[in-house]
Structure formats: structure tokens, C-alpha cells
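> Compact mmCIF, C-alpha atoms, saved as coords-v2.txt, coming up:
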# COMPACT_ATOMS: atom_id res chain seq x y z
CA MET A 1 163.56 137.87 57.20
CA ASN A 2 161.91 138.63 60.51
CA LYS A 3 159.80 141.25 58.79
CA TYR A 4 158.29 138.70 56.35
CA VAL A 5 157.62 136.25 59.14
CA LYS A 6 155.89 138.93 61.14
CA PHE A 7 153.57 139.88 58.26
CA GLY A 8 152.92 136.22 57.51
CA LEU A 9 151.80 135.53 61.06
CA ILE A 10 149.54 138.56 61.00
CA GLY A 11 147.97 137.31 57.78
CA VAL A 12 147.39 133.83 59.19
CA LEU A 13 145.77 135.25 62.30
CA ALA A 14 143.52 137.51 60.20
CA LEU A 15 142.39 134.60 58.02
CA GLY A 16 141.74 132.50 61.14
CA ALA A 17 139.65 135.27 62.65
CA LEU A 18 137.63 135.65 59.45
CA TRP A 19 137.06 131.90 59.25
CA ALA A 20 135.94 131.73 62.91
CA ALA A 21 133.54 134.62 62.40
CA ALA A 22 132.10 133.03 59.28
CA PHE A 23 131.67 129.69 61.09
CA PHE A 24 129.99 131.36 64.06
CA ILE A 25 127.56 133.27 61.85
CA LYS A 26 126.75 130.16 59.82
CA SER A 27 126.17 127.95 62.87
CA ASN A 28 123.87 130.49 64.50
CA SER A 29 121.96 131.39 61.38
CA LYS A 30 118.65 129.65 60.75
CA GLY A 31 117.20 128.86 57.40
CA ALA A 32 113.57 129.26 56.60
CA ILE A 33 111.39 126.59 58.21
CA THR A 34 109.43 124.48 55.75
CA TYR A 35 106.27 122.61 56.62
CA ASP A 36 104.89 119.38 55.20
CA THR A 37 101.22 118.79 54.54
CA LYS A 38 98.78 115.95 55.08
CA ASN A 39 95.47 115.17 53.40
CA PRO A 40 92.33 114.25 55.32
CA PHE A 41 91.49 110.56 54.98
CA ILE A 42 88.70 108.08 55.64
CA ALA A 43 88.94 105.96 58.79
CA ASN A 44 86.98 104.44 61.67
CA ILE A 45 86.96 106.07 65.11
CA GLU A 46 86.10 104.53 68.44
CA LYS A 47 85.77 106.80 71.44
CA LYS A 48 86.72 104.77 74.49
CA THR A 49 86.97 105.24 78.20
CA VAL A 50 88.97 103.16 80.65
CA ALA A 51 87.63 102.17 84.07
CA THR A 52 90.14 101.10 86.69
CA GLY A 53 89.21 98.52 89.27
CA LYS A 54 89.74 94.88 90.17
CA VAL A 55 88.45 91.40 89.46
CA ILE A 56 86.64 89.73 92.34
CA PRO A 57 84.44 86.62 92.75
CA GLN A 58 80.78 87.12 92.01
CA ASP A 59 79.84 85.70 95.41
CA GLU A 60 81.94 85.39 98.55
CA ILE A 61 80.48 83.29 101.36
CA GLU A 62 81.58 83.90 104.94
CA ILE A 63 81.42 80.84 107.20
CA LYS A 64 80.53 81.79 110.79
CA PRO A 65 80.04 79.64 113.91
CA GLN A 66 76.70 78.92 115.51
CA ILE A 67 78.22 78.85 118.96
CA SER A 68 80.96 80.72 120.81
CA GLY A 69 84.15 78.97 121.80
CA ILE A 70 87.79 78.40 120.89
CA ILE A 71 89.17 77.05 117.62
CA ASP A 72 90.31 73.54 118.50
CA LYS A 73 91.48 72.33 115.05
CA ILE A 74 91.66 73.72 111.50
CA TYR A 75 91.61 71.12 108.72
CA MET A 76 91.85 73.35 105.62
CA GLU A 77 94.27 75.94 104.25
CA GLU A 78 93.77 79.03 102.14
CA GLY A 79 93.59 78.08 98.47
CA ASP A 80 92.19 74.60 99.08
CA PRO A 81 89.20 73.55 96.95
CA VAL A 82 86.17 72.53 99.02
CA LYS A 83 82.75 71.02 98.48
CA ALA A 84 79.61 71.72 100.46
CA GLY A 85 79.78 69.73 103.70
CA ASP A 86 83.58 69.48 103.94
CA LEU A 87 84.90 69.96 107.48
CA ILE A 88 86.90 73.17 107.84
CA ALA A 89 87.41 73.51 111.59
CA VAL A 90 86.21 72.30 114.98
CA ILE A 91 85.28 74.56 117.89
CA LYS A 92 85.82 73.62 121.53
CA VAL A 93 83.07 75.05 123.67
CA VAL A 94 84.08 77.11 126.68
CA PRO A 95 80.86 77.46 128.68
CA ASN A 96 79.90 80.52 130.66
CA GLU A 97 80.15 79.59 134.34
CA GLN A 98 77.10 81.59 135.34
CA ALA A 99 74.95 80.13 132.56
CA LEU A 100 76.25 76.63 133.28
CA ASN A 101 75.44 76.90 136.98
CA SER A 102 71.99 78.28 136.22
CA ALA A 103 71.27 75.42 133.80
CA ASN A 104 72.47 72.86 136.32
CA GLY A 105 70.17 74.33 138.97
CA ARG A 106 67.26 74.15 136.54
CA VAL A 107 67.96 70.42 136.04
CA ARG A 108 67.92 69.75 139.80
CA ASN A 109 64.67 71.68 140.22
CA ALA A 110 63.10 69.73 137.38
CA GLU A 111 64.22 66.41 138.89
CA ALA A 112 62.79 67.35 142.30
CA ALA A 113 59.50 68.45 140.76
CA LEU A 114 59.26 65.23 138.73
CA ASN A 115 59.99 63.03 141.77
CA ASN A 116 57.33 64.82 143.78
CA ILE A 117 54.64 64.60 141.08
CA LYS A 118 55.56 60.94 140.38
CA ILE A 119 54.80 59.95 143.99
CA GLU A 120 51.42 61.64 143.78
CA TYR A 121 50.78 60.17 140.33
CA ASP A 122 51.57 56.59 141.44
CA ARG A 123 49.27 56.89 144.52
CA ASN A 124 46.36 58.34 142.53
CA LYS A 125 46.76 55.77 139.75
CA THR A 126 46.15 53.00 142.29
CA LEU A 127 43.06 54.80 143.53
CA PHE A 128 41.86 55.36 139.96
CA ASP A 129 42.26 51.67 139.14
CA LYS A 130 40.03 50.88 142.17
CA GLY A 131 37.46 53.46 141.09
CA VAL A 132 37.99 55.69 144.07
CA ILE A 133 38.73 58.92 142.08
CA SER A 134 37.19 60.20 138.91
CA SER A 135 38.90 60.00 135.51
CA GLN A 136 38.96 63.82 135.24
CA ASP A 137 40.99 64.19 138.43
CA PHE A 138 43.37 61.45 137.32
CA ASN A 139 43.81 62.92 133.83
CA ASN A 140 44.68 66.33 135.31
CA LEU A 141 47.31 64.71 137.48
CA LYS A 142 48.70 62.70 134.55
CA LEU A 143 49.04 65.94 132.51
CA ARG A 144 51.09 67.52 135.31
CA TYR A 145 53.27 64.42 135.45
CA ASP A 146 53.92 64.46 131.67
CA GLN A 147 54.77 68.17 131.78
CA ALA A 148 57.30 67.52 134.56
CA VAL A 149 58.96 64.80 132.42
CA VAL A 150 59.25 67.19 129.43
CA GLU A 151 60.61 69.98 131.64
CA LEU A 152 63.35 67.69 132.94
CA GLU A 153 64.34 66.63 129.41
CA ASN A 154 64.46 70.26 128.23
CA SER A 155 66.54 71.41 131.18
CA LYS A 156 69.04 68.56 130.61
CA ALA A 157 69.25 69.46 126.91
CA ASP A 158 69.95 73.10 127.73
CA PHE A 159 72.64 72.05 130.18
CA ARG A 160 74.36 69.87 127.53
CA ILE A 161 74.21 72.68 124.97
CA ILE A 162 75.88 75.12 127.35
CA ARG A 163 78.51 72.61 128.52
CA LEU A 164 79.27 70.76 125.25
CA GLY A 165 77.87 72.97 122.51
CA SER A 166 75.15 70.58 121.40
CA VAL A 167 72.43 68.30 122.65
CA GLY A 168 74.09 65.15 121.36
CA GLY A 169 77.61 65.84 122.57
CA SER A 170 80.89 66.77 120.93
CA SER A 171 80.38 65.63 117.27
CA SER A 172 77.62 68.01 116.26
CA ALA A 173 76.90 70.58 113.56
CA ASN A 174 77.30 73.35 116.12
CA THR A 175 80.94 72.62 116.91
CA ASN A 176 81.96 71.33 113.46
CA ILE A 177 82.43 74.20 110.99
CA ARG A 178 81.64 72.94 107.47
CA ALA A 179 81.63 74.48 104.01
CA THR A 180 78.18 75.49 102.82
CA VAL A 181 79.03 75.84 99.09
CA ASN A 182 81.47 74.49 96.53
CA GLY A 183 84.46 76.67 95.74
CA THR A 184 87.92 77.71 96.92
CA ILE A 185 88.90 78.90 100.38
CA LEU A 186 90.04 82.49 99.91
CA GLU A 187 90.84 83.31 103.51
CA ILE A 188 90.97 81.74 106.96
CA PRO A 189 91.40 84.76 109.26
CA VAL A 190 91.58 82.71 112.48
CA GLU A 191 94.12 80.35 113.98
CA GLU A 192 93.92 77.42 116.35
CA GLY A 193 93.37 78.74 119.84
CA ASP A 194 91.55 81.89 118.76
CA GLN A 195 88.30 82.71 120.49
CA VAL A 196 85.26 83.05 118.22
CA ILE A 197 81.79 84.49 118.72
CA GLN A 198 78.60 82.96 117.39
CA SER A 199 76.44 84.65 114.78
CA ASN A 200 73.11 85.86 116.14
CA ASN A 201 70.64 88.74 115.91
CA PHE A 202 72.95 91.06 117.85
CA ASN A 203 76.36 90.11 116.45
CA ASP A 204 77.66 89.22 112.99
CA GLY A 205 79.93 86.63 114.54
CA THR A 206 83.55 85.73 113.82
CA THR A 207 84.37 84.71 110.26
CA ILE A 208 86.04 81.29 110.25
CA ALA A 209 86.59 81.11 106.47
CA THR A 210 85.66 82.87 103.22
CA ILE A 211 84.70 80.68 100.24
CA ALA A 212 84.14 81.73 96.62
CA ASP A 213 83.74 80.14 93.20
CA LEU A 214 86.71 81.47 91.19
CA SER A 215 85.14 80.36 87.91
CA ARG A 216 82.52 83.10 88.28
CA MET A 217 84.30 86.45 88.40
CA ILE A 218 83.17 90.05 87.95
CA PHE A 219 85.00 93.28 87.19
CA GLU A 220 84.35 96.04 89.71
CA GLY A 221 85.47 99.54 88.78
CA LYS A 222 84.52 103.21 88.65
CA VAL A 223 83.84 105.71 85.86
CA ASP A 224 83.60 109.48 85.87
CA GLU A 225 80.23 111.23 85.95
CA GLY A 226 80.94 112.79 82.54
CA GLU A 227 80.94 109.34 80.92
CA VAL A 228 78.45 107.33 82.98
CA GLY A 229 75.51 108.77 81.01
CA LYS A 230 76.81 107.08 77.85
CA LEU A 231 76.93 103.62 79.40
CA ARG A 232 74.24 101.01 78.80
CA LEU A 233 73.68 97.63 80.45
CA GLY A 234 74.94 94.82 78.27
CA MET A 235 77.74 96.88 76.71
CA PRO A 236 80.88 94.84 75.94
CA LEU A 237 83.98 95.39 78.05
CA GLU A 238 87.56 94.41 77.34
CA ILE A 239 89.35 93.48 80.57
CA ASN A 240 93.13 93.72 80.97
CA LEU A 241 94.67 92.27 84.11
CA GLY A 242 97.85 93.67 85.58
CA ALA A 243 99.05 90.20 86.59
CA ILE A 244 98.37 88.60 83.17
CA GLN A 245 99.93 90.90 80.61
CA ASP A 246 99.30 89.09 77.33
CA GLN A 247 95.71 88.02 77.91
CA LYS A 248 92.46 89.92 77.42
CA PHE A 249 89.07 88.90 78.76
CA GLU A 250 85.63 89.75 77.50
CA ALA A 251 82.89 90.94 79.82
CA LYS A 252 79.42 92.47 79.73
CA LEU A 253 78.31 95.46 81.76
CA LYS A 254 75.67 94.26 84.22
CA PHE A 255 75.46 97.02 86.83
CA ILE A 256 75.72 100.82 86.95
CA ALA A 257 75.41 102.43 90.37
CA PRO A 258 72.42 104.79 90.69
CA LYS A 259 74.40 106.95 93.11
CA GLY A 260 77.88 108.41 92.71
CA LEU A 261 80.53 108.97 95.35
CA GLU A 262 82.84 111.98 95.44
CA GLU A 263 86.52 111.11 95.34
CA ALA A 264 89.26 113.75 95.15
CA GLY A 265 86.76 116.35 93.95
CA ALA A 266 85.27 114.17 91.19
CA VAL A 267 82.08 112.13 91.29
CA GLN A 268 82.67 108.44 90.47
CA PHE A 269 80.06 105.78 89.72
CA LYS A 270 80.60 102.11 90.47
CA ILE A 271 80.15 99.64 87.60
CA GLU A 272 80.26 95.84 87.42
CA GLY A 273 80.85 93.53 84.49
CA GLU A 274 80.51 89.76 84.29
CA VAL A 275 83.85 88.36 83.13
CA GLN A 276 84.07 85.35 80.83
CA VAL A 277 86.79 83.25 82.47
CA ASN A 278 88.91 80.82 80.47
CA ASP A 279 89.22 77.51 82.32
CA SER A 280 92.87 77.22 81.30
CA ILE A 281 93.79 80.46 83.11
CA PHE A 282 93.69 80.75 86.88
CA ILE A 283 92.52 84.17 88.04
CA ARG A 284 93.08 85.09 91.66
CA ALA A 285 90.58 87.22 93.54
CA GLY A 286 91.58 90.86 93.78
CA TYR A 287 93.71 91.19 90.62
CA SER A 288 93.93 94.84 89.54
CA ALA A 289 92.27 95.37 86.16
CA ASN A 290 91.35 97.96 83.54
CA ALA A 291 88.15 97.79 81.51
CA SER A 292 87.89 99.47 78.10
CA LEU A 293 84.38 100.58 77.09
CA VAL A 294 83.46 101.88 73.64
CA LEU A 295 81.33 104.96 74.28
CA GLU A 296 80.85 105.92 70.61
CA LYS A 297 81.89 104.44 67.28
CA LYS A 298 81.73 105.76 63.71
CA ASP A 299 82.86 103.96 60.56
CA SER A 300 84.16 105.39 57.28
CA ILE A 301 84.30 109.04 58.27
CA LEU A 302 86.61 111.89 57.21
CA VAL A 303 89.36 112.45 59.78
CA ILE A 304 92.68 114.22 60.29
CA PRO A 305 95.33 113.76 62.98
CA GLU A 306 94.33 115.71 66.07
CA ALA A 307 97.82 117.25 66.21
CA LEU A 308 96.99 119.34 63.10
CA LEU A 309 94.27 121.29 64.90
CA GLN A 310 94.67 124.85 66.09
CA PHE A 311 92.23 126.72 68.31
CA ASP A 312 91.28 130.38 68.17
CA LYS A 313 92.36 132.16 71.36
CA GLU A 314 89.18 134.25 71.53
CA THR A 315 86.44 131.86 70.40
CA ASP A 316 88.23 128.55 71.13
CA LYS A 317 86.91 127.26 67.79
CA PRO A 318 89.09 124.81 65.83
CA TYR A 319 90.82 125.67 62.58
CA VAL A 320 93.63 124.40 60.35
CA GLU A 321 95.95 126.02 57.83
CA LEU A 322 95.76 124.92 54.19
CA SER A 323 98.45 125.18 51.58
CA VAL A 324 97.64 127.80 48.89
CA GLY A 325 101.10 127.91 47.31
CA GLU A 326 104.75 127.21 48.01
CA GLN A 327 104.94 127.54 51.79
CA LYS A 328 101.93 129.86 51.74
CA TRP A 329 99.04 129.15 54.08
CA GLU A 330 95.41 130.04 54.52
CA ARG A 331 93.32 129.66 57.65
CA ARG A 332 90.25 127.42 57.35
CA ASP A 333 87.66 127.16 60.14
CA ILE A 334 86.33 123.63 60.57
CA GLU A 335 83.76 121.69 62.59
CA ILE A 336 84.92 118.56 64.38
CA GLY A 337 83.17 115.53 65.86
CA ILE A 338 84.38 112.61 67.96
CA SER A 339 88.01 111.87 68.66
CA ASP A 340 89.93 108.83 69.83
CA GLY A 341 92.89 110.90 71.01
CA VAL A 342 94.82 110.34 67.76
CA ASN A 343 92.42 111.21 64.95
CA VAL A 344 89.44 113.57 65.01
CA GLU A 345 86.30 113.54 62.88
CA ILE A 346 85.80 116.38 60.37
CA LEU A 347 82.14 117.34 60.08
CA SER A 348 82.64 120.29 57.72
CA GLY A 349 85.33 122.57 56.29
CA LEU A 350 87.69 120.05 54.65
CA THR A 351 87.80 117.57 51.78
CA GLU A 352 90.16 114.71 51.02
CA SER A 353 92.03 116.84 48.47
CA ASP A 354 92.96 119.63 50.91
CA ASN A 355 96.58 119.91 52.01
CA VAL A 356 96.65 120.58 55.75
CA LYS A 357 99.72 122.10 57.35
CA ILE A 358 101.71 119.85 59.69
CA TRP A 359 102.97 121.95 62.56
CA ASN A 360 106.57 121.41 63.60
CA LYS A 361 106.21 121.96 67.30
CA THR A 362 109.73 120.78 68.14
CA GLU A 363 111.47 123.60 66.26
CA PRO A 364 110.99 127.12 67.65
CA ILE A 365 110.26 129.97 65.23
CA LYS A 366 112.06 133.27 65.66
CA LYS A 367 110.13 136.45 66.02
CA GLY A 368 111.20 137.74 62.58
CA GLU A 369 110.17 134.48 60.96
CA GLU A 370 106.76 134.61 62.65
CA GLU A 371 106.16 138.08 61.18
CA GLU A 372 107.33 136.87 57.76
CA GLU A 373 104.96 133.86 57.88
CA GLU A 374 102.05 136.06 58.95
CA SER A 375 102.69 138.41 56.02
CA ASP A 376 102.88 135.42 53.64
CA SER A 377 99.62 133.97 54.89
Would you mind giving the structure from this file in C-alpha cells?


Amino acid sequence: MNKYVKFGLIGVLALGALWAAAFFIKSNSKGAITYDTKNPFIANIEKKTVATGKVIPQDEIEIKPQISGIIDKIYMEEGDPVKAGDLIAVIKVVPNEQALNSANGRVRNAEAALNNIKIEYDRNKTLFDKGVISSQDFNNLKLRYDQAVVELENSKADFRIIRLGSVGGSSSANTNIRATVNGTILEIPVEEGDQVIQSNNFNDGTTIATIADLSRMIFEGKVDEGEVGKLRLGMPLEINLGAIQDQKFEAKLKFIAPKGLEEAGAVQFKIEGEVQVNDSIFIRAGYSANASLVLEKKDSILVIPEALLQFDKETDKPYVELSVGEQKWERRDIEIGISDGVNVEILSGLTESDNVKIWNKTEPIKKGEEEEEESDS
């Protein structure tokens, strides 16, 4: 009995080994790869480029003071709508001690000069009325008297400007910072108590506020030098904003920079497009944006998917493989035109009836199969 059991176990083990070997060979064997085909077809192709940039107001106005001092009060906040003439802030003048003392001394000198010439003027007027002195001498004296009066008024005005910021006193255009245009306050970079500098020929001055009309926006971006030559003023742009996902805006190209700037080894040219803003959508200044520009467009042309193309390693010329029988292929050199990244134009070499090989790039081909395919083709 033990003998039959022993032979039975040996037989079971042998069958198991044979089955495992057969399963291993089957799982590691690879059948012949078959390829599908696709016919060329008629379609429209648009060759586009995308410029990255941002949307900014067409004009930004910086409000600067006409006199130096300290911010006494700010009446507006960032984001507030304003009209021309609205009060934004008030400056408290902090006069320069040296200039103030010099102006005060000029006033005293002018008063002393006027008092002196007035005494002489009054005495000579009496003599002129009696006919003692000539009219020419009296007129010369009167001119000196009038000049002394004007000098005193000017010196007092200069003193008030240095001390108070204006001739008339505290409520003046010099100390009151007002909006010069209609729009929205984008930025107020100062706070109450900050010292500000006036705008003059030698200094740009401190910016109190920045105002812009957010209903007039432009796209500002950059394109590569290889594509800038294909751009034309007035070309349509399609603007996509990163902050507004489901909305597209139309624009027209209005500016192409005559000079490029090198960035990361590539020359970029600045472009601007006037964006058509929908009143129902609020666009904030500085939104990141992409602009799509159609560089070239062709309608009703013969195309194939760009993935079907192969390129000769020596000449770098494009070709495809055509079906000439059951899984038999023939090389066909072709000439291609524009591409949109998905389909490519066929200028010559193919017709709509040709069956073009679809390459299965996800499935590797063994060396023996490559040689077999080459012999078949």
C-alpha cells in the first residue's frame, strides 16, 4: 500500500511541475503585436501661442503733495471709489526752522524799509502839493514807496507759506490732497503721521495714493522672439484670468515692444492688449492672465494626428507607415505644414484613402519581433 501511495505522490508532483512550467511559459510569452490604422481627414487647424502676463489698469495716477509735511488725516481707504476733487488726506506743515527764521527776517526788513520810505513820501507829498518839488521827483519817490509796499506783502506771503503751507492759511489746495481723476483708490502707501516730501524738479515726491479706472483694463504680457514676427496690431486675443476660471474676455493687440529683453537665455517682447471688460464682473488690478493669439489658421485641409509621424534619424524628414496588407507596412515620405499640437497638415504624400499605421508606444517590442517586422515591411 505504501508503494502505491509513494508512486501516486510522485505522479502528482510531476503533473504539478509540468503545469507550473506551462503556466510560466504562457505568462511570459508574447503574441504578435497588431497595429490599427487611421485615415487622413479634413479639418481646420489654428496655430496658437500663449502669452503669460497680468491685467492692469490702462492708466494709474499717482497723487503727490505739493508741499512737504506730515500726514495729519486720511479720509479714504483702498478700494474706495472717488471722483475728481474728493478729499483724500490733509498734510500738516512742519516748517524748516532756518527757512522760517529767514522769512521772518525778510518781513521785518521790508517793514522797516516801508516805514522809512513812507516818512519821506509823506513829507515830499506835502511839498509837491505846494509846488515846491517837481512832479518827476515826486513820481520817482512814489514808485519807491509802491515797491516797498509790494515787497512787504510778498515777504509776508512767503512767511505764511513756510509756516502754514499756503498764503491763505490752513484750508488750502497745498495741504489738502485731493483726487485729480475719477476712479478707484488702488493703494494708499502712507499712514497718518508719516512724513512726506513734495514733488518738484529734483524729487518725484511721496505718493499719497494711486487711482485708476478699473473699467479700462489692459493685458500686459510677453511673447518669445520666435513668434513676435507673426503678430500684428489689432489681432484678437482671448484672455483667461486665473482668478475667474469660467470667464473669457476678448481683447485686441494694441502694442508690440520694438525692443526685446533677455530673460533666462531667451529674448522676450512685451505686448499689450485692450481688454473688453464686462460691467457685471469686477476685475482687480494685477490679476494673472494668459492670452491666446492665433498666429496662423487654415480651413478644410488634409490632416493626420501628429502622433502618427515618424522622423528619419539621418535627414530628420517626416514619414509614416502605410498598410499594404495584413499587418504589412510600407514607408511613405510626406511633407507637413502647420500643426496645432494635436493634428498636423499634410501638404503632400497622403490621400484620404490611405491607411496610416497607429504606433502603440505603450507596448514594448522585443528584439526578435522588431527584426520580424522589418523583414515583413

> Kindly provide, as a list in words, the polymer residues lying within 10 Å of (58.9, 65.3, 138.0), counting only C-alpha atoms and using the coordinates exactly as they appear in the file.

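Nearby residues: Asn109, Ala110, Glu111, Ala112, Ala113, Leu114, Asn115, Asn116, Ile117, Lys118, Ile119, Tyr121, Arg144, Tyr145, Asp146, Gln147, Ala148, Val149, Val150, Glu151 and Leu152 of chain A.
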
> Which range 169-230 of chain A residues have any atom within 8 Å of an atom of range 277-294 of chain A, and for each, what is the nearest pair of atoms with distance in Å to one decimal, counting only C-alpha atoms, rows sorted by chain and number, as a tab-separated table?


residue	atom	partner	partner_atom	distance
A:Leu186	CA	A:Ala285	CA	8.0
A:Leu214	CA	A:Ile283	CA	7.1
A:Ser215	CA	A:Val277	CA	6.4
A:Arg216	CA	A:Val277	CA	7.2
A:Met217	CA	A:Val277	CA	7.2
A:Phe219	CA	A:Ala289	CA	7.6
A:Gly221	CA	A:Ala291	CA	7.9

> Restricting the output to C-alpha atoms, write the selected residues as a PDB file, keeping the file's coordinate frame.


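Contents of the output file again-v8.pdb:
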ATOM      1  CA  LEU A 186      90.040  82.490  99.910  1.00  0.00           C
ATOM      2  CA  LEU A 214      86.710  81.470  91.190  1.00  0.00           C
ATOM      3  CA  SER A 215      85.140  80.360  87.910  1.00  0.00           C
ATOM      4  CA  ARG A 216      82.520  83.100  88.280  1.00  0.00           C
ATOM      5  CA  MET A 217      84.300  86.450  88.400  1.00  0.00           C
ATOM      6  CA  PHE A 219      85.000  93.280  87.190  1.00  0.00           C
ATOM      7  CA  GLY A 221      85.470  99.540  88.780  1.00  0.00           C
TER       8      GLY A 221
END

> Which is closer to Gln310 in chain A than all the others in A:Leu350, A:Val275, A:Ile358, A:Ala14, using all atoms listed in the file?

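With all atoms listed in the file as the atom set, the closest residue is A:Ile358.
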
> Smallest atom-to-atom distance to Gly229 in chain A: which of A:Ser102, A:Gln268, A:Gln195, A:Asn201, using only C-alpha atoms?

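Nearest candidate to Gly229 in chain A out of A:Ser102, A:Gln268, A:Gln195, A:Asn201: A:Gln268.
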
> Choose the residue, out of A:Val356, A:Ile271, A:Val344, A:Ile256, that has the smallest atom-to-atom separation from Thr52 in chain A; count all atoms listed in the file.

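Result for the nearest residue to Thr52 in chain A: A:Ile271.
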
> Pull the neighbourhood of (86.3, 107.5, 65.2) for me: all residues within 7 Å in file coordinates, counting all atoms listed in the file, as an mmCIF file with C-alpha atoms, keeping the file's coordinate frame.


data_model
loop_
_atom_site.group_PDB
_atom_site.id
_atom_site.type_symbol
_atom_site.label_atom_id
_atom_site.label_comp_id
_atom_site.auth_asym_id
_atom_site.auth_seq_id
_atom_site.Cartn_x
_atom_site.Cartn_y
_atom_site.Cartn_z
ATOM 1 C CA ASN A 44 86.980 104.440 61.670
ATOM 2 C CA ILE A 45 86.960 106.070 65.110
ATOM 3 C CA GLU A 46 86.100 104.530 68.440
ATOM 4 C CA LYS A 47 85.770 106.800 71.440
ATOM 5 C CA LYS A 297 81.890 104.440 67.280
ATOM 6 C CA LYS A 298 81.730 105.760 63.710
ATOM 7 C CA ASP A 299 82.860 103.960 60.560
ATOM 8 C CA ILE A 338 84.380 112.610 67.960
ATOM 9 C CA SER A 339 88.010 111.870 68.660
ATOM 10 C CA ASP A 340 89.930 108.830 69.830
ATOM 11 C CA VAL A 344 89.440 113.570 65.010
ATOM 12 C CA GLU A 345 86.300 113.540 62.880
#

> Considering all atoms listed in the file, state which residue in the set A:Ala17, A:Leu309, A:Ile88, A:Ala157 is at the smallest distance from Lys64 in chain A.

A:Ile88

> Rounded to one decimal in Å, what is the spacing between CA of Gly69 in chain A and CA of Val93 in chain A?

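Between CA of Gly69 in chain A and CA of Val93 in chain A the gap works out to 4.5 Å.
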
> Tell me, in Å to one decimal, how far CA of Pro65 in chain A is from CA of Gln198 in chain A.

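Between CA of Pro65 in chain A and CA of Gln198 in chain A the gap is 5.0 Å.
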
> Kindly indicate which residue among A:Glu274, A:Asp333, A:Glu250, A:Asp213 lies nearest to Pro57 in chain A, using only C-alpha atoms for the distances.

A:Asp213

> As an exercise, work out the distance from CA of Glu62 in chain A to CA of Gly234 in chain A in Å and give it to one decimal place.

29.6 Å

> Using only C-alpha atoms, which of the listed residues (A:Pro258, A:Gly16, A:Pro40, A:Gly273) sits closest to Lys357 in chain A?

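Among the listed residues, A:Pro40 lies closest to Lys357 in chain A.
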
> Do a neighbour search on Phe41 in chain A at 12 Å with only C-alpha atoms, toss out local chain neighbours closer than 4 positions, and write the hits as a ChimeraX atom specification.

/A:45,300-305,343-346,350-356

> With 5 Å on each side, where is the centre of the axis-aligned box around all listed atoms of range 53-64 of chain A, and how long are its edges in Å to one decimal, as lines of an AutoDock Vina configuration file?


center_x = 84.8
center_y = 89.7
center_z = 100.0
size_x = 19.9
size_y = 27.7
size_z = 31.5

> Got a sec: who's within 10 Å of Ala84 in chain A, counting only C-alpha atoms, leaving out chain neighbours fewer than 2 positions off, as a list of chain:residue names?

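So, after excluding close chain neighbours, the residues are A:Val82, A:Asp86, A:Leu87, A:Arg178, A:Ala179, A:Thr180, A:Val181, A:Asn182, A:Gly183.
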
> Emit range 341-352 of chain A of the structure in the block as a file comprising N, CA and C atoms, as a JSON list (two decimals), in the first residue's frame.


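The file below, selection.json, is the result:
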[["chain", "number", "residue", "atom", "x", "y", "z"],
["A", 341, "GLY", "N", -0.48, 71.06, -32.42],
["A", 341, "GLY", "CA", -0.06, 70.22, -31.31],
["A", 341, "GLY", "C", -0.82, 68.92, -31.22],
["A", 342, "VAL", "N", -1.94, 68.81, -31.93],
["A", 342, "VAL", "CA", -2.73, 67.57, -31.96],
["A", 342, "VAL", "C", -2.74, 66.99, -33.37],
["A", 343, "ASN", "N", -3.14, 67.82, -34.33],
["A", 343, "ASN", "CA", -3.16, 67.41, -35.73],
["A", 343, "ASN", "C", -2.14, 68.22, -36.51],
["A", 344, "VAL", "N", -1.66, 67.65, -37.61],
["A", 344, "VAL", "CA", -0.67, 68.31, -38.45],
["A", 344, "VAL", "C", -1.14, 68.28, -39.90],
["A", 345, "GLU", "N", -0.89, 69.36, -40.61],
["A", 345, "GLU", "CA", -1.30, 69.47, -42.01],
["A", 345, "GLU", "C", -0.42, 68.60, -42.91],
["A", 346, "ILE", "N", -1.06, 67.92, -43.88],
["A", 346, "ILE", "CA", -0.36, 67.11, -44.87],
["A", 346, "ILE", "C", -0.36, 67.88, -46.19],
["A", 347, "LEU", "N", 0.83, 68.30, -46.61],
["A", 347, "LEU", "CA", 0.95, 69.04, -47.87],
["A", 347, "LEU", "C", 1.06, 68.09, -49.06],
["A", 348, "SER", "N", 1.74, 66.98, -48.89],
["A", 348, "SER", "CA", 1.87, 66.01, -49.98],
["A", 348, "SER", "C", 2.27, 64.65, -49.40],
["A", 349, "GLY", "N", 1.95, 63.58, -50.15],
["A", 349, "GLY", "CA", 2.37, 62.24, -49.76],
["A", 349, "GLY", "C", 1.25, 61.34, -49.30],
["A", 350, "LEU", "N", 0.07, 61.90, -48.94],
["A", 350, "LEU", "CA", -1.04, 61.09, -48.46],
["A", 350, "LEU", "C", -2.35, 61.54, -49.08],
["A", 351, "THR", "N", -3.30, 60.59, -49.11],
["A", 351, "THR", "CA", -4.68, 60.88, -49.52],
["A", 351, "THR", "C", -5.62, 60.39, -48.42],
["A", 352, "GLU", "N", -6.88, 60.73, -48.55],
["A", 352, "GLU", "CA", -7.85, 60.34, -47.53],
["A", 352, "GLU", "C", -8.07, 58.84, -47.47]]
